[in-house]
Amino acid sequence: MTPPTASYSINDPDGDTVTVTETLDGKAFRTYTATLGTTYNMAFTATQWAQVLNGSHTFKIKATDQNGAYTERTYTFTKKVTQASFTTDAMPADAMPTVAVASVIGSFPVGSVLTVEACNNGSDAEPVWQDVTDKVLNSKKIFFSNQDKAADTWGVAFRVTLDRGTATGECYITSIGGAFE
């Protein structure tokens, strides 16, 4: 789940200007003019890391001075994420929500386990979650059993978890949507 990191510094014996190009699997990742002697970090943003697919990858750093002399350093890593989960922000409601519908779009191959939970008191510090996976997968209405809230407002929230399990191939969540009353 955690992206790899590596620190490196750029030096040039002649003090020339050095351009650094980082690539991931042969595609441009970042290009910049280095400040000699400064330590840099190979780093992924959360969005960039989410876009890296499971499997083996090559991250290459190439430093080229203004005369064309260069040096390269290559890092290899394997990404193996087996679970994805997220919780939506509570969607505020004027009154206690009693029913909802939801859909989760993605790829859930045989062997994976999708769990969808919902609550109508999503603004609370400790919401009351109920498993609604079967309702969501079968396009059925969700009837909330909870009738209590601690926060000032009601709010519907969803918590979604996808475990790869024994599944092979692509396994991901694209989006979740729904409505409530």
# chains A, B, ... in the order shown; residues from 1 in each chain; ligands from 1
$ closest_atom_pairs --of "region 18-101 of chain A" --to "region 131-141 of chain A" --cutoff "10 Å" --atoms "only C-alpha atoms" --output "Markdown table"
| residue | atom | partner | partner_atom | distance |
| --- | --- | --- | --- | --- |
| A:Val99 | CA | A:Lys141 | CA | 6.7 |
| A:Ala100 | CA | A:Lys141 | CA | 5.9 |
| A:Val101 | CA | A:Lys141 | CA | 5.1 |
$ residues_around --residues "region 78-80 of chain A" --least-positions-apart "6" --cutoff "12 Å" --atoms "only C-alpha atoms" --output "ChimeraX atom specification"
/A:1-4,25,49-59,164,171
$ write_last_selection --atoms "N, CA, C and O atoms" --output "tab-separated table (two decimals), in the first residue's frame"
chain	number	residue	atom	x	y	z
A	1	MET	N	0.82	-1.20	0.00
A	1	MET	CA	0.00	0.00	0.00
A	1	MET	C	0.86	1.26	0.00
A	1	MET	O	0.44	2.28	-0.47
A	2	THR	N	2.05	1.18	0.57
A	2	THR	CA	2.91	2.36	0.68
A	2	THR	C	3.86	2.42	-0.51
A	2	THR	O	4.54	1.44	-0.81
A	3	PRO	N	3.93	3.57	-1.19
A	3	PRO	CA	4.83	3.67	-2.34
A	3	PRO	C	6.30	3.60	-1.91
A	3	PRO	O	6.64	3.99	-0.80
A	4	PRO	N	7.15	3.13	-2.81
A	4	PRO	CA	8.58	3.09	-2.51
A	4	PRO	C	9.16	4.50	-2.48
A	4	PRO	O	8.63	5.41	-3.10
A	25	ASP	N	8.58	3.04	-15.79
A	25	ASP	CA	8.29	2.08	-16.86
A	25	ASP	C	8.44	2.71	-18.24
A	25	ASP	O	7.65	2.45	-19.15
A	49	TRP	N	0.36	7.13	-7.12
A	49	TRP	CA	0.51	5.77	-6.63
A	49	TRP	C	-0.74	4.94	-6.94
A	49	TRP	O	-0.65	3.77	-7.29
A	50	ALA	N	-1.90	5.53	-6.82
A	50	ALA	CA	-3.15	4.81	-7.11
A	50	ALA	C	-3.20	4.38	-8.58
A	50	ALA	O	-3.83	3.37	-8.91
A	51	GLN	N	-2.54	5.12	-9.46
A	51	GLN	CA	-2.57	4.81	-10.89
A	51	GLN	C	-1.54	3.76	-11.29
A	51	GLN	O	-1.58	3.26	-12.41
A	52	VAL	N	-0.63	3.41	-10.40
A	52	VAL	CA	0.36	2.38	-10.69
A	52	VAL	C	-0.31	1.03	-10.47
A	52	VAL	O	-0.80	0.73	-9.39
A	53	LEU	N	-0.34	0.20	-11.51
A	53	LEU	CA	-0.99	-1.10	-11.42
A	53	LEU	C	-0.13	-2.09	-10.63
A	53	LEU	O	1.09	-1.92	-10.52
A	54	ASN	N	-0.76	-3.12	-10.11
A	54	ASN	CA	-0.01	-4.19	-9.46
A	54	ASN	C	0.96	-4.80	-10.47
A	54	ASN	O	0.65	-4.92	-11.65
A	55	GLY	N	2.13	-5.21	-9.99
A	55	GLY	CA	3.12	-5.86	-10.84
A	55	GLY	C	4.50	-5.23	-10.66
A	55	GLY	O	4.71	-4.38	-9.80
A	56	SER	N	5.45	-5.67	-11.48
A	56	SER	CA	6.84	-5.19	-11.42
A	56	SER	C	6.98	-3.89	-12.20
A	56	SER	O	6.40	-3.73	-13.27
A	57	HIS	N	7.78	-2.98	-11.65
A	57	HIS	CA	7.98	-1.67	-12.27
A	57	HIS	C	9.43	-1.24	-12.18
A	57	HIS	O	10.17	-1.68	-11.30
A	58	THR	N	9.82	-0.33	-13.09
A	58	THR	CA	11.17	0.22	-13.12
A	58	THR	C	11.08	1.74	-13.04
A	58	THR	O	10.39	2.36	-13.84
A	59	PHE	N	11.77	2.29	-12.06
A	59	PHE	CA	11.86	3.74	-11.89
A	59	PHE	C	13.30	4.12	-12.20
A	59	PHE	O	14.22	3.62	-11.57
A	164	ARG	N	-8.94	-8.40	-2.68
A	164	ARG	CA	-8.63	-9.19	-3.86
A	164	ARG	C	-8.89	-10.66	-3.63
A	164	ARG	O	-9.35	-11.37	-4.51
A	171	CYS	N	-9.04	-5.86	-10.52
A	171	CYS	CA	-9.92	-5.85	-9.35
A	171	CYS	C	-9.90	-4.42	-8.82
A	171	CYS	O	-8.88	-3.98	-8.28
$ select_by_dssp --residues "region 33-157 of chain A" --states "alpha helix (DSSP H)" --output "list in words"
Ala46, Thr47, Gln48, Trp49, Ala50, Gln51, Thr133, Asp134, Lys135, Val136 and Leu137 of chain A
$ closest_residue --among "A:Gln130, A:Ser175, A:Gln147, A:Thr17" --to "Asn67 (chain A)" --atoms "only C-alpha atoms"
A:Thr17
$ residues_around --residues "Asp12 (chain A)" --least-positions-apart "3" --cutoff "10 Å" --atoms "only C-alpha atoms" --output "PyMOL selection string"
chain A and resi 15-18+36-37+63-65+69-70
$ select_by_dssp --residues "chain A" --states "strand (DSSP E or B)" --output "MDAnalysis selection string"
chainID A and resid 6:9 18:24 27:33 39:42 55:65 70:79 83:87 91:93 99:107 113:119 121 130:131 142:143 154:163 172:180
$ residues_around --residues "Val113 (chain A)" --least-positions-apart "2" --cutoff "8 Å" --atoms "only C-alpha atoms" --output "list in words"
Phe108, Gly111, Thr115, Leu162, Asp163, Arg164 and Gly165 of chain A
$ residues_around --residues "Ala93 (chain A)" --least-positions-apart "4" --cutoff "9 Å" --atoms "only C-alpha atoms" --output "list in words"
Pro97, Asn120, Thr153, Trp154, Gly155, Val156, Phe180 and Glu181 of chain A
$ write_last_selection --atoms "N, CA and C atoms" --output "PDB file, in the first residue's frame"
ATOM      1  N   PRO A  97     -32.808   9.987   7.566  1.00  0.00           N
ATOM      2  CA  PRO A  97     -32.961   9.161   6.371  1.00  0.00           C
ATOM      3  C   PRO A  97     -33.425   7.753   6.773  1.00  0.00           C
ATOM      4  N   ASN A 120     -26.977   6.098   8.413  1.00  0.00           N
ATOM      5  CA  ASN A 120     -27.760   7.329   8.273  1.00  0.00           C
ATOM      6  C   ASN A 120     -27.338   8.379   9.292  1.00  0.00           C
ATOM      7  N   THR A 153     -26.639  16.923  12.993  1.00  0.00           N
ATOM      8  CA  THR A 153     -27.374  16.637  11.762  1.00  0.00           C
ATOM      9  C   THR A 153     -27.290  15.159  11.388  1.00  0.00           C
ATOM     10  N   TRP A 154     -28.281  14.735  10.645  1.00  0.00           N
ATOM     11  CA  TRP A 154     -28.261  13.403  10.044  1.00  0.00           C
ATOM     12  C   TRP A 154     -27.390  13.473   8.800  1.00  0.00           C
ATOM     13  N   GLY A 155     -26.895  12.344   8.376  1.00  0.00           N
ATOM     14  CA  GLY A 155     -26.116  12.309   7.153  1.00  0.00           C
ATOM     15  C   GLY A 155     -25.866  10.875   6.715  1.00  0.00           C
ATOM     16  N   VAL A 156     -26.024  10.625   5.434  1.00  0.00           N
ATOM     17  CA  VAL A 156     -25.808   9.281   4.882  1.00  0.00           C
ATOM     18  C   VAL A 156     -24.364   9.173   4.397  1.00  0.00           C
ATOM     19  N   PHE A 180     -30.991   9.032  -1.299  1.00  0.00           N
ATOM     20  CA  PHE A 180     -31.684   8.640  -0.066  1.00  0.00           C
ATOM     21  C   PHE A 180     -32.864   9.574   0.175  1.00  0.00           C
ATOM     22  N   GLU A 181     -33.737   9.104   1.046  1.00  0.00           N
ATOM     23  CA  GLU A 181     -34.868   9.960   1.489  1.00  0.00           C
ATOM     24  C   GLU A 181     -35.142   9.695   2.940  1.00  0.00           C
TER      25      GLU A 181
END
$ closest_residue --among "A:Lys60, A:Phe29, A:Arg159, A:Phe77" --to "Gln48 (chain A)" --atoms "only C-alpha atoms"
A:Phe29
$ atom_distance --atom1 "CA of Met96 (chain A)" --atom2 "CA of Thr161 (chain A)"
25.4 Å
$ closest_residue --among "A:Ala118, A:Ile61, A:Ala28, A:Val20" --to "Gly178 (chain A)" --atoms "only C-alpha atoms"
A:Ala118
$ residues_around --residues "Pro109 (chain A)" --least-positions-apart "3" --cutoff "8 Å" --atoms "only C-alpha atoms" --output "list in words"
Ser112, Ala167, Thr168, Gly169, Glu170 and Cys171 of chain A
$ atom_distance --atom1 "CA of Thr35 (chain A)" --atom2 "CA of Ile10 (chain A)"
7.3 Å
